[in-house]
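K.L.:
Structure file final.cif (mmCIF, C-alpha atoms and all ligand atoms) right here:
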```
data_final
loop_
_atom_site.label_atom_id
_atom_site.label_comp_id
_atom_site.auth_asym_id
_atom_site.auth_seq_id
_atom_site.Cartn_x
_atom_site.Cartn_y
_atom_site.Cartn_z
CA MET A 28 -75.91 20.94 -74.36
CA THR A 29 -75.97 18.44 -71.53
CA LEU A 30 -73.78 15.53 -70.50
CA SER A 31 -75.04 12.01 -71.18
CA HIS A 32 -75.51 9.42 -68.45
CA SER A 33 -72.28 7.72 -69.50
CA GLN A 34 -70.37 11.02 -69.38
CA LEU A 35 -71.72 11.73 -65.90
CA ALA A 36 -70.73 8.20 -64.86
CA GLN A 37 -67.24 8.68 -66.30
CA MET A 38 -66.75 11.96 -64.44
CA ALA A 39 -67.77 10.25 -61.21
CA SER A 40 -65.60 7.16 -61.68
CA ASP A 41 -62.54 8.55 -63.50
CA GLY A 42 -62.58 12.17 -62.29
CA TYR A 43 -62.22 13.67 -65.76
CA LEU A 44 -64.08 14.15 -69.03
CA LEU A 45 -62.87 15.09 -72.48
CA LEU A 46 -65.34 16.80 -74.82
CA PRO A 47 -63.81 16.88 -78.32
CA ALA A 48 -64.30 19.98 -80.51
CA LEU A 49 -66.95 21.69 -78.39
CA PHE A 50 -66.00 24.93 -80.16
CA ASP A 51 -65.82 25.13 -83.95
CA ALA A 52 -62.90 26.35 -86.07
CA ASP A 53 -64.25 29.92 -86.32
CA GLU A 54 -64.66 30.15 -82.56
CA VAL A 55 -61.14 28.81 -82.03
CA GLU A 56 -59.87 31.52 -84.40
CA LEU A 57 -61.64 34.15 -82.30
CA LEU A 58 -60.01 32.79 -79.15
CA ARG A 59 -56.60 32.73 -80.82
CA ALA A 60 -57.09 36.30 -82.05
CA ALA A 61 -57.38 37.40 -78.42
CA VAL A 62 -54.00 35.96 -77.48
CA PRO A 63 -51.70 38.78 -78.72
CA GLU A 64 -53.47 41.31 -76.49
CA VAL A 65 -53.26 39.02 -73.48
CA ILE A 66 -49.68 37.93 -73.99
CA VAL A 67 -48.21 41.44 -74.04
CA ARG A 68 -49.75 42.22 -70.68
CA GLN A 69 -47.21 43.45 -68.14
CA GLY A 70 -47.78 42.85 -64.48
CA PRO A 71 -47.54 40.26 -61.72
CA GLU A 72 -50.40 38.24 -63.23
CA VAL A 73 -48.04 37.24 -66.06
CA ILE A 74 -45.74 34.35 -65.08
CA ARG A 75 -42.65 33.80 -67.22
CA GLU A 76 -40.66 30.69 -68.00
CA ASP A 77 -37.78 30.07 -65.60
CA GLY A 78 -34.54 31.20 -67.18
CA ASP A 79 -36.19 33.04 -70.10
CA ALA A 80 -38.16 36.12 -69.14
CA SER A 81 -39.09 36.69 -72.78
CA MET A 82 -41.32 33.60 -72.71
CA VAL A 83 -44.73 33.74 -71.04
CA ARG A 84 -45.64 30.54 -69.16
CA MET A 85 -49.03 31.44 -67.75
CA ILE A 86 -51.35 34.42 -67.35
CA PHE A 87 -53.77 34.66 -64.45
CA ALA A 88 -57.20 36.30 -64.65
CA ALA A 89 -57.23 37.07 -68.40
CA HIS A 90 -61.04 37.04 -68.18
CA THR A 91 -60.85 40.24 -66.13
CA PHE A 92 -59.00 42.26 -68.77
CA ASN A 93 -59.88 40.62 -72.08
CA GLU A 94 -63.43 40.62 -73.44
CA THR A 95 -63.09 37.40 -75.47
CA PHE A 96 -61.90 35.40 -72.48
CA ARG A 97 -64.56 37.02 -70.29
CA ARG A 98 -67.19 35.80 -72.74
CA LEU A 99 -65.63 32.35 -72.84
CA THR A 100 -66.04 32.03 -69.05
CA LEU A 101 -69.77 32.69 -69.53
CA HIS A 102 -70.26 30.38 -72.50
CA PRO A 103 -73.45 28.31 -72.27
CA ARG A 104 -71.81 25.22 -73.79
CA LEU A 105 -69.51 25.20 -70.77
CA LEU A 106 -71.83 26.42 -68.05
CA SER A 107 -74.70 24.06 -68.93
CA ARG A 108 -72.40 21.08 -68.33
CA VAL A 109 -70.80 22.56 -65.25
CA GLU A 110 -74.18 23.28 -63.67
CA GLN A 111 -75.27 19.75 -64.44
CA LEU A 112 -72.22 18.37 -62.63
CA PHE A 113 -72.52 20.70 -59.64
CA GLY A 114 -76.33 20.63 -59.47
CA GLU A 115 -76.27 24.42 -59.10
CA PRO A 116 -74.65 27.48 -60.68
CA ALA A 117 -70.88 27.84 -60.47
CA TYR A 118 -68.55 30.69 -59.69
CA LEU A 119 -65.09 31.23 -61.05
CA PHE A 120 -62.37 31.78 -58.47
CA GLN A 121 -59.38 31.59 -60.80
CA SER A 122 -58.58 31.58 -64.51
CA ARG A 123 -55.22 30.62 -65.95
CA PHE A 124 -54.09 30.77 -69.54
CA ASN A 125 -51.29 28.24 -69.94
CA VAL A 126 -49.32 29.20 -73.02
CA LYS A 127 -46.87 26.27 -73.30
CA SER A 128 -45.15 27.60 -76.42
CA GLY A 129 -43.18 25.31 -78.72
CA PHE A 130 -39.59 24.21 -78.10
CA HIS A 131 -38.75 25.61 -74.66
CA SER A 132 -41.72 25.41 -72.29
CA ALA A 133 -41.46 23.66 -68.95
CA GLY A 134 -43.92 21.05 -67.75
CA TRP A 135 -45.98 20.76 -64.57
CA ALA A 136 -45.02 18.41 -61.76
CA TRP A 137 -47.60 15.87 -60.60
CA HIS A 138 -50.10 17.53 -58.30
CA GLN A 139 -53.69 17.86 -57.16
CA ASP A 140 -55.17 21.32 -57.77
CA PHE A 141 -56.97 21.13 -54.43
CA ASN A 142 -53.65 21.22 -52.57
CA GLN A 143 -52.94 24.71 -53.93
CA TRP A 144 -56.48 25.93 -53.39
CA HIS A 145 -56.43 24.56 -49.85
CA ARG A 146 -53.02 25.76 -48.69
CA LEU A 147 -53.04 29.12 -50.49
CA ASP A 148 -56.71 30.03 -50.81
CA GLY A 149 -58.32 28.38 -47.78
CA MET A 150 -60.62 25.98 -49.62
CA GLN A 151 -61.77 23.27 -47.17
CA THR A 152 -63.88 20.96 -49.34
CA PRO A 153 -62.62 19.61 -52.67
CA ASN A 154 -65.94 20.44 -54.29
CA ALA A 155 -64.36 22.22 -57.25
CA MET A 156 -62.97 21.44 -60.66
CA ALA A 157 -60.84 22.73 -63.49
CA LEU A 158 -62.20 23.22 -66.99
CA GLY A 159 -59.72 23.63 -69.83
CA VAL A 160 -60.42 24.89 -73.37
CA PHE A 161 -57.83 23.86 -75.98
CA LEU A 162 -56.74 26.64 -78.35
CA ASP A 163 -54.44 24.23 -80.19
CA ASP A 164 -54.35 20.62 -81.22
CA VAL A 165 -53.14 18.72 -78.16
CA ASN A 166 -51.20 15.66 -79.19
CA PRO A 167 -48.57 13.26 -77.82
CA CYS A 168 -45.77 15.64 -78.86
CA ASN A 169 -46.72 18.98 -77.30
CA GLY A 170 -47.07 18.10 -73.63
CA PRO A 171 -50.68 17.06 -73.04
CA VAL A 172 -52.03 17.11 -69.50
CA MET A 173 -51.79 13.56 -68.12
CA VAL A 174 -54.24 12.36 -65.48
CA ILE A 175 -54.32 9.30 -63.27
CA PRO A 176 -57.95 8.21 -63.76
CA GLY A 177 -59.84 7.56 -60.54
CA SER A 178 -57.08 9.09 -58.38
CA HIS A 179 -59.54 11.72 -57.10
CA LYS A 180 -61.07 8.96 -54.96
CA ARG A 181 -57.85 8.46 -53.01
CA GLY A 182 -58.24 11.70 -51.09
CA HIS A 183 -56.04 14.72 -50.56
CA ILE A 184 -52.27 14.14 -50.43
CA PHE A 185 -51.40 17.17 -48.32
CA ASN A 186 -48.21 19.08 -49.02
CA PRO A 187 -48.14 22.25 -46.88
CA ASP A 188 -45.11 23.70 -48.64
CA ALA A 189 -45.51 23.16 -52.36
CA MET A 190 -47.65 21.85 -55.16
CA ASP A 191 -45.83 18.58 -55.81
CA ILE A 192 -46.90 15.10 -54.75
CA PRO A 193 -44.18 12.67 -53.57
CA ASP A 194 -42.96 10.34 -56.32
CA ALA A 195 -43.94 7.26 -54.27
CA ASP A 196 -47.59 8.37 -54.11
CA VAL A 197 -47.67 9.09 -57.85
CA ALA A 198 -46.08 5.72 -58.61
CA ALA A 199 -48.53 3.84 -56.38
CA ALA A 200 -51.54 5.53 -57.98
CA ALA A 201 -50.22 5.22 -61.55
CA ASN A 202 -49.27 1.56 -61.13
CA ASP A 203 -52.80 0.79 -59.93
CA LEU A 204 -54.79 3.06 -62.23
CA GLY A 205 -52.64 3.95 -65.24
CA ILE A 206 -52.05 7.33 -66.87
CA ILE A 207 -54.19 8.94 -69.58
CA PRO A 208 -53.05 11.87 -71.77
CA LEU A 209 -55.87 14.33 -72.49
CA MET A 210 -55.61 15.07 -76.20
CA GLY A 211 -57.88 16.43 -78.89
CA PRO A 212 -58.35 18.96 -81.66
CA PRO A 213 -58.54 22.72 -81.05
CA GLY A 214 -61.82 23.68 -79.42
CA SER A 215 -61.91 20.56 -77.24
CA VAL A 216 -62.74 20.92 -73.55
CA VAL A 217 -61.51 18.96 -70.57
CA LEU A 218 -63.04 18.86 -67.11
CA PHE A 219 -61.25 17.43 -64.11
CA HIS A 220 -61.88 16.99 -60.41
CA SER A 221 -59.84 19.07 -57.96
CA LEU A 222 -58.34 15.90 -56.41
CA ILE A 223 -57.29 14.13 -59.60
CA ILE A 224 -53.52 13.63 -59.80
CA HIS A 225 -52.20 15.25 -62.98
CA GLY A 226 -49.13 16.81 -64.55
CA SER A 227 -47.53 17.41 -67.92
CA ALA A 228 -44.15 17.11 -69.62
CA PRO A 229 -42.20 20.02 -71.15
CA ASN A 230 -43.14 21.02 -74.68
CA VAL A 231 -40.09 20.50 -76.88
CA SER A 232 -42.14 20.16 -80.05
CA PRO A 233 -42.39 23.10 -82.48
CA TRP A 234 -46.14 23.39 -81.73
CA PRO A 235 -47.74 25.51 -79.01
CA ARG A 236 -50.21 23.91 -76.61
CA ARG A 237 -52.38 26.75 -75.36
CA ILE A 238 -55.11 25.89 -72.83
CA PHE A 239 -57.39 28.37 -71.05
CA TYR A 240 -58.40 27.03 -67.63
CA MET A 241 -61.39 28.04 -65.55
CA ASN A 242 -61.22 26.91 -61.94
CA ILE A 243 -64.70 26.78 -60.54
CA SER A 244 -66.79 25.78 -57.54
CA PRO A 245 -70.50 25.49 -56.90
CA ILE A 246 -71.84 28.83 -55.71
CA SER A 247 -72.68 27.29 -52.31
CA ASN A 248 -69.01 26.37 -51.68
CA ARG A 249 -67.94 29.77 -50.32
CA GLU A 250 -64.92 28.68 -48.31
CA LEU A 251 -62.18 30.77 -49.83
CA SER A 252 -60.02 33.20 -47.87
CA PRO A 253 -57.09 33.78 -50.21
CA LYS A 254 -53.62 34.60 -48.96
CA ARG A 255 -52.59 35.57 -52.48
CA GLU A 256 -53.13 38.57 -54.72
CA TRP A 257 -56.48 39.26 -56.41
CA PHE A 258 -55.52 37.70 -59.73
CA HIS A 259 -54.87 34.31 -58.11
CA CYS A 260 -58.17 33.91 -56.42
CA ASP A 261 -61.49 35.74 -56.35
CA ALA A 262 -63.42 34.60 -53.30
CA ASP A 263 -66.48 36.77 -54.04
CA GLY A 264 -67.22 36.10 -57.70
CA PRO A 265 -70.89 36.10 -58.69
CA ALA A 266 -72.75 33.06 -59.98
CA LEU A 267 -71.82 32.58 -63.63
CA VAL A 268 -74.80 33.47 -65.83
CA PRO A 269 -74.58 32.09 -69.38
CA LEU A 270 -74.47 34.38 -72.40
CA PRO A 271 -76.07 33.41 -75.74
CA ASP A 272 -74.49 30.53 -77.64
CA ASP A 273 -73.00 32.86 -80.27
CA CYS A 274 -71.38 35.16 -77.68
CA LEU A 275 -67.87 34.75 -79.08
CA ARG A 276 -69.02 35.71 -82.58
CA GLN A 277 -71.11 38.58 -81.21
CA LYS A 278 -67.95 40.17 -79.82
CA VAL A 279 -66.65 40.66 -83.34
CA SER A 280 -69.74 42.58 -84.43
CA ALA A 281 -70.05 44.49 -81.13
C1 LIG B 301 -51.97 22.59 -64.35
O1 LIG B 301 -52.14 21.51 -63.89
O2 LIG B 301 -52.25 23.57 -63.70
C2 LIG B 301 -51.41 22.78 -65.72
C3 LIG B 301 -51.14 21.55 -66.42
C4 LIG B 301 -50.94 21.82 -67.87
O3 LIG B 301 -51.63 22.70 -68.42
O4 LIG B 301 -50.12 21.16 -68.47
MN MN B 302 -53.32 21.56 -62.06
#
```
Translate the structure of the given file into C-alpha cells.
P.N.:
Amino acid sequence: MTLSHSQLAQMASDGYLLLPALFDADEVELLRAAVPEVIVRQGPEVIREDGDASMVRMIFAAHTFNETFRRLTLHPRLLSRVEQLFGEPAYLFQSRFNVKSGFHSAGWAWHQDFNQWHRLDGMQTPNAMALGVFLDDVNPCNGPVMVIPGSHKRGHIFNPDAMDIPDADVAAAANDLGIIPLMGPPGSVVLFHSLIIHGSAPNVSPWPRRIFYMNISPISNRELSPKREWFHCDADGPALVPLPDDCLRQKVSA
C-alpha cells in the first residue's frame, strides 16, 4: 500500500499522480449508495448550480454527516500513500463532493487550490494537496480534471479577489508544459499538489462525473485561520488515523 519510487518521482516532478482502480467495484457501489443521503442535504454546505437550484454542484464536509464518507477519509489505502508523501500523518481541513451531473453541470475555471486556501483560510505554506476519489468512470466526455503537469513548480499566482488565474499565465504554462486530463475507471484516485494549475470543462455528456475530494496537510502545517464557515475549513482537525482495509464493507454489517 505504498507508492513506488517512480510514483514518488512523478509526484515531485509533475505535481500529480493517478492511481487507477484503487477501490474495487463493490467498494465503489458502497460509495455510490451513500450519495442519495448526502445529496438531499439542505443547508449552506450544499452549493447549487448557477441558474438551476434543483441541481447540486458541490457538497462541503460530507465526511462530517455521512458515515461512509467519514470512513473513506480514514481509509488506509489513501492514508498510507499520503503519509508517505508528507513524511508524517495528515489532517483533513476540507472535503468537497463534486457532483458534476450529466448534461448541465458547469466546469471549474483554471486555478491553484492554494490561492483559495491562502486568501480565505490563511494557509501560508503550500504544503498541502488534494486527493480525489472517482465514483464514476472519468473519460474525455464528462469533464475530467485537467492539470498542467509541473506547474506547481512555478509558484503561487496570487489573486486576492477570486479563484481564477489570468488567461495569459495559463497559456504560458500550458504552452510550455502541456495539459493532461486525469481519467480512469470508478474507484481511481488522483493526488495533486496545492500549486498545480488545474480546471475542468462543463459536463454536457449524459454521464455523471462524481469525485469526492479530501484536502489535506501534514499535521505539522497548522497555519489555518479560516475566514469562512466551519464546513469550508477545519483548522483543528486531528491527525487522520487509518481504519482497517475493509472499513467500507464493515459499515454495511455494522
Ligand atoms: C476543483 O478544482 O476544485 C474541482 C475540479 C473538478 O472537480 O473538476
Ligand atoms: Mn481545485
K.L.:
Near Asn142 in chain A, counting all atoms listed in the file, which residues have an atom at most 9 Å away, once you skip same-chain residues fewer than 6 positions from it, shown as a list in words?
P.N.:
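The filter keeps Met150, His183, Ile184, Phe185, Asn186, Pro187, Ala189, Met190, Asp191, Ser221 and Leu222 of chain A.
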K.L.:
Please produce, as a Markdown table, a per-residue contact table for range 133-209 of chain A versus range 63-79 of chain A (criterion: any atom at most 12 Å away, only C-alpha atoms considered), showing the nearest atom pair and its distance in Å to one decimal, sorted by chain then residue number.
P.N.:
```
| residue | atom | partner | partner_atom | distance |
| --- | --- | --- | --- | --- |
| A:Ala133 | CA | A:Glu76 | CA | 7.1 |
| A:Gly134 | CA | A:Glu76 | CA | 10.2 |
| A:Trp135 | CA | A:Glu76 | CA | 11.8 |
```
K.L.:
Any chance you can output those residues with C-alpha atoms as a PDB file, keeping the file's coordinate frame?
P.N.:
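Saved as selection-v8.pdb:
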```
ATOM      1  CA  ALA A 133     -41.460  23.660 -68.950  1.00  0.00           C
ATOM      2  CA  GLY A 134     -43.920  21.050 -67.750  1.00  0.00           C
ATOM      3  CA  TRP A 135     -45.980  20.760 -64.570  1.00  0.00           C
TER       4      TRP A 135
END
```
K.L.:
Residues at most 7 Å from ligand LIG 301 (chain B), using only C-alpha atoms and all ligand atoms? Could they come as an mmCIF file with C-alpha atoms, in the coordinates of the input?
P.N.:
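Result file part29.cif:
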```cif
data_model
loop_
_atom_site.group_PDB
_atom_site.id
_atom_site.type_symbol
_atom_site.label_atom_id
_atom_site.label_comp_id
_atom_site.auth_asym_id
_atom_site.auth_seq_id
_atom_site.Cartn_x
_atom_site.Cartn_y
_atom_site.Cartn_z
ATOM 1 C CA ASN A 125 -51.290 28.240 -69.940
ATOM 2 C CA GLY A 134 -43.920 21.050 -67.750
ATOM 3 C CA TRP A 135 -45.980 20.760 -64.570
ATOM 4 C CA ASP A 140 -55.170 21.320 -57.770
ATOM 5 C CA GLY A 170 -47.070 18.100 -73.630
ATOM 6 C CA PRO A 171 -50.680 17.060 -73.040
ATOM 7 C CA VAL A 172 -52.030 17.110 -69.500
ATOM 8 C CA HIS A 225 -52.200 15.250 -62.980
ATOM 9 C CA GLY A 226 -49.130 16.810 -64.550
ATOM 10 C CA SER A 227 -47.530 17.410 -67.920
ATOM 11 C CA ILE A 238 -55.110 25.890 -72.830
#
```
K.L.:
Go through A:Gln277, A:Ser40, A:Asn166, A:Thr100 and flag the residue nearest Met241 in chain A, using only C-alpha atoms for the distances.
P.N.:
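Of all the options, A:Thr100 lies closest to Met241 in chain A.
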K.L.:
Can you pull out every residue within 6 Å of range 155-162 of chain A, counting only C-alpha atoms, but drop anything in the same chain fewer than 3 positions away, and send it as a ChimeraX atom specification?
P.N.:
/A:213-221,237-244
K.L.:
For a test of reading the model, state the distance in Å between CA of Pro103 in chain A and CA of Thr91 in chain A, rounded to one decimal.
P.N.:
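Taking CA of Pro103 in chain A as the start and CA of Thr91 in chain A as the end point, the length is 18.4 Å.
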K.L.:
Go through A:Arg236, A:His138, A:Arg104, A:His90 and flag the residue nearest ligand MN 302 (chain B), using only C-alpha atoms and all ligand atoms for the distances.
P.N.:
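Comparing A:Arg236, A:His138, A:Arg104, A:His90 against ligand MN 302 (chain B), the winner is A:His138.
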K.L.:
Would you list the contacts of Lys254 in chain A as JSON, numbers by chain, taking every protein, DNA or RNA residue within 9 Å and counting all atoms listed in the file, but skipping same-chain residues closer than 4 positions in sequence?
P.N.:
{"A": [146, 147, 148, 149, 260]}
K.L.:
Go ahead and save the picked residues with C-alpha atoms, as a PDB file, in the coordinates of the input.
P.N.:
```pdb
ATOM      1  CA  ARG A 146     -53.020  25.760 -48.690  1.00  0.00           C
ATOM      2  CA  LEU A 147     -53.040  29.120 -50.490  1.00  0.00           C
ATOM      3  CA  ASP A 148     -56.710  30.030 -50.810  1.00  0.00           C
ATOM      4  CA  GLY A 149     -58.320  28.380 -47.780  1.00  0.00           C
ATOM      5  CA  CYS A 260     -58.170  33.910 -56.420  1.00  0.00           C
TER       6      CYS A 260
END
```
K.L.:
Ranking A:Leu275, A:Pro116, A:Asp41, A:Ile192 by minimum distance to Gly205 in chain A and counting only C-alpha atoms, which one comes first?
P.N.:
A:Asp41
K.L.:
For a quick check of understanding, using only C-alpha atoms and all ligand atoms, which of A:Asp261, A:Val55, A:Glu250, A:Arg123 has the smallest distance to ligand MN 302 (chain B)?
P.N.:
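Ranked by minimum distance to ligand MN 302 (chain B), first place goes to A:Arg123.
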K.L.:
Given all atoms listed in the file as the basis, pick out the residue of A:Ile223, A:Leu44, A:Pro176, A:Met210 nearest to ligand MN 302 (chain B).
P.N.:
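Smallest separation from ligand MN 302 (chain B) among the options: A:Ile223.
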K.L.:
If you measure from CA of Pro47 in chain A to CA of Phe92 in chain A, what distance in Å do you get, rounded to one decimal?
P.N.:
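Distance between the two atoms: 27.5 Å.
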K.L.:
Determine the nearest neighbour of Ala228 in chain A from the options A:Gln37, A:Ser81, A:Asn202, A:Asn169, counting all atoms listed in the file.
P.N.:
A:Asn169
K.L.:
Give me the residues near Gly177 in chain A as a ChimeraX atom specification, where near means some atom within 9 Å (using only C-alpha atoms) and where sequence neighbours in that chain fewer than 4 positions away do not count.
P.N.:
/A:39-43,181,200,204,223-224
K.L.:
What is the CA of Pro153 in chain A to CA of Asp272 in chain A distance in Å?
P.N.:
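Result for CA of Pro153 in chain A versus CA of Asp272 in chain A: 29.7 Å, one decimal.
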K.L.:
Since the input is missing atoms for range 182-203 of chain A, could you rebuild it with N, CA, C and O atoms and give the result as an mmCIF file, keeping the file's coordinate frame?
P.N.:
```
data_model
loop_
_atom_site.group_PDB
_atom_site.id
_atom_site.type_symbol
_atom_site.label_atom_id
_atom_site.label_comp_id
_atom_site.auth_asym_id
_atom_site.auth_seq_id
_atom_site.Cartn_x
_atom_site.Cartn_y
_atom_site.Cartn_z
ATOM 1 N N GLY A 182 -58.330 10.643 -52.092
ATOM 2 C CA GLY A 182 -58.240 11.700 -51.090
ATOM 3 C C GLY A 182 -57.111 12.674 -51.348
ATOM 4 O O GLY A 182 -56.366 12.561 -52.319
ATOM 5 N N HIS A 183 -56.996 13.625 -50.430
ATOM 6 C CA HIS A 183 -56.040 14.720 -50.560
ATOM 7 C C HIS A 183 -54.671 14.283 -50.038
ATOM 8 O O HIS A 183 -54.558 13.837 -48.893
ATOM 9 N N ILE A 184 -53.652 14.416 -50.855
ATOM 10 C CA ILE A 184 -52.270 14.140 -50.430
ATOM 11 C C ILE A 184 -51.691 15.501 -50.051
ATOM 12 O O ILE A 184 -51.259 16.279 -50.914
ATOM 13 N N PHE A 185 -51.703 15.805 -48.780
ATOM 14 C CA PHE A 185 -51.400 17.170 -48.320
ATOM 15 C C PHE A 185 -49.909 17.470 -48.380
ATOM 16 O O PHE A 185 -49.104 16.727 -47.828
ATOM 17 N N ASN A 186 -49.575 18.550 -49.056
ATOM 18 C CA ASN A 186 -48.210 19.080 -49.020
ATOM 19 C C ASN A 186 -48.339 20.545 -48.601
ATOM 20 O O ASN A 186 -48.809 21.373 -49.372
ATOM 21 N N PRO A 187 -47.942 20.873 -47.361
ATOM 22 C CA PRO A 187 -48.140 22.250 -46.880
ATOM 23 C C PRO A 187 -47.220 23.268 -47.527
ATOM 24 O O PRO A 187 -47.470 24.465 -47.441
ATOM 25 N N ASP A 188 -46.157 22.791 -48.186
ATOM 26 C CA ASP A 188 -45.110 23.700 -48.640
ATOM 27 C C ASP A 188 -45.080 23.956 -50.134
ATOM 28 O O ASP A 188 -44.477 24.926 -50.593
ATOM 29 N N ALA A 189 -45.651 23.047 -50.902
ATOM 30 C CA ALA A 189 -45.510 23.160 -52.360
ATOM 31 C C ALA A 189 -46.646 22.407 -53.033
ATOM 32 O O ALA A 189 -47.475 21.763 -52.394
ATOM 33 N N MET A 190 -46.614 22.486 -54.347
ATOM 34 C CA MET A 190 -47.650 21.850 -55.160
ATOM 35 C C MET A 190 -47.439 20.336 -55.279
ATOM 36 O O MET A 190 -48.390 19.560 -55.305
ATOM 37 N N ASP A 191 -46.177 19.932 -55.348
ATOM 38 C CA ASP A 191 -45.830 18.580 -55.810
ATOM 39 C C ASP A 191 -46.294 17.470 -54.874
ATOM 40 O O ASP A 191 -46.296 17.621 -53.654
ATOM 41 N N ILE A 192 -46.566 16.324 -55.477
ATOM 42 C CA ILE A 192 -46.900 15.100 -54.750
ATOM 43 C C ILE A 192 -45.654 14.219 -54.737
ATOM 44 O O ILE A 192 -44.951 14.125 -55.751
ATOM 45 N N PRO A 193 -45.362 13.540 -53.604
ATOM 46 C CA PRO A 193 -44.180 12.670 -53.570
ATOM 47 C C PRO A 193 -44.221 11.607 -54.674
ATOM 48 O O PRO A 193 -45.290 11.063 -54.984
ATOM 49 N N ASP A 194 -43.051 11.321 -55.230
ATOM 50 C CA ASP A 194 -42.960 10.340 -56.320
ATOM 51 C C ASP A 194 -43.613 9.008 -55.932
ATOM 52 O O ASP A 194 -44.248 8.356 -56.762
ATOM 53 N N ALA A 195 -43.414 8.580 -54.684
ATOM 54 C CA ALA A 195 -43.940 7.260 -54.270
ATOM 55 C C ALA A 195 -45.461 7.223 -54.362
ATOM 56 O O ALA A 195 -46.043 6.189 -54.740
ATOM 57 N N ASP A 196 -46.111 8.330 -54.018
ATOM 58 C CA ASP A 196 -47.590 8.370 -54.110
ATOM 59 C C ASP A 196 -48.041 8.359 -55.563
ATOM 60 O O ASP A 196 -49.038 7.719 -55.910
ATOM 61 N N VAL A 197 -47.320 9.083 -56.416
ATOM 62 C CA VAL A 197 -47.670 9.090 -57.850
ATOM 63 C C VAL A 197 -47.477 7.693 -58.414
ATOM 64 O O VAL A 197 -48.346 7.164 -59.130
ATOM 65 N N ALA A 198 -46.354 7.063 -58.065
ATOM 66 C CA ALA A 198 -46.080 5.720 -58.610
ATOM 67 C C ALA A 198 -47.144 4.734 -58.152
ATOM 68 O O ALA A 198 -47.628 3.919 -58.960
ATOM 69 N N ALA A 199 -47.523 4.790 -56.884
ATOM 70 C CA ALA A 199 -48.530 3.840 -56.380
ATOM 71 C C ALA A 199 -49.845 4.027 -57.121
ATOM 72 O O ALA A 199 -50.481 3.045 -57.555
ATOM 73 N N ALA A 200 -50.262 5.271 -57.297
ATOM 74 C CA ALA A 200 -51.540 5.530 -57.980
ATOM 75 C C ALA A 200 -51.449 5.137 -59.461
ATOM 76 O O ALA A 200 -52.351 4.480 -60.005
ATOM 77 N N ALA A 201 -50.350 5.508 -60.113
ATOM 78 C CA ALA A 201 -50.220 5.220 -61.550
ATOM 79 C C ALA A 201 -50.100 3.728 -61.811
ATOM 80 O O ALA A 201 -50.641 3.220 -62.807
ATOM 81 N N ASN A 202 -49.404 3.009 -60.922
ATOM 82 C CA ASN A 202 -49.270 1.560 -61.130
ATOM 83 C C ASN A 202 -50.612 0.856 -60.964
ATOM 84 O O ASN A 202 -50.884 -0.140 -61.632
ATOM 85 N N ASP A 203 -51.461 1.385 -60.104
ATOM 86 C CA ASP A 203 -52.800 0.790 -59.930
ATOM 87 C C ASP A 203 -53.767 1.213 -61.034
ATOM 88 O O ASP A 203 -54.596 0.427 -61.481
#
```
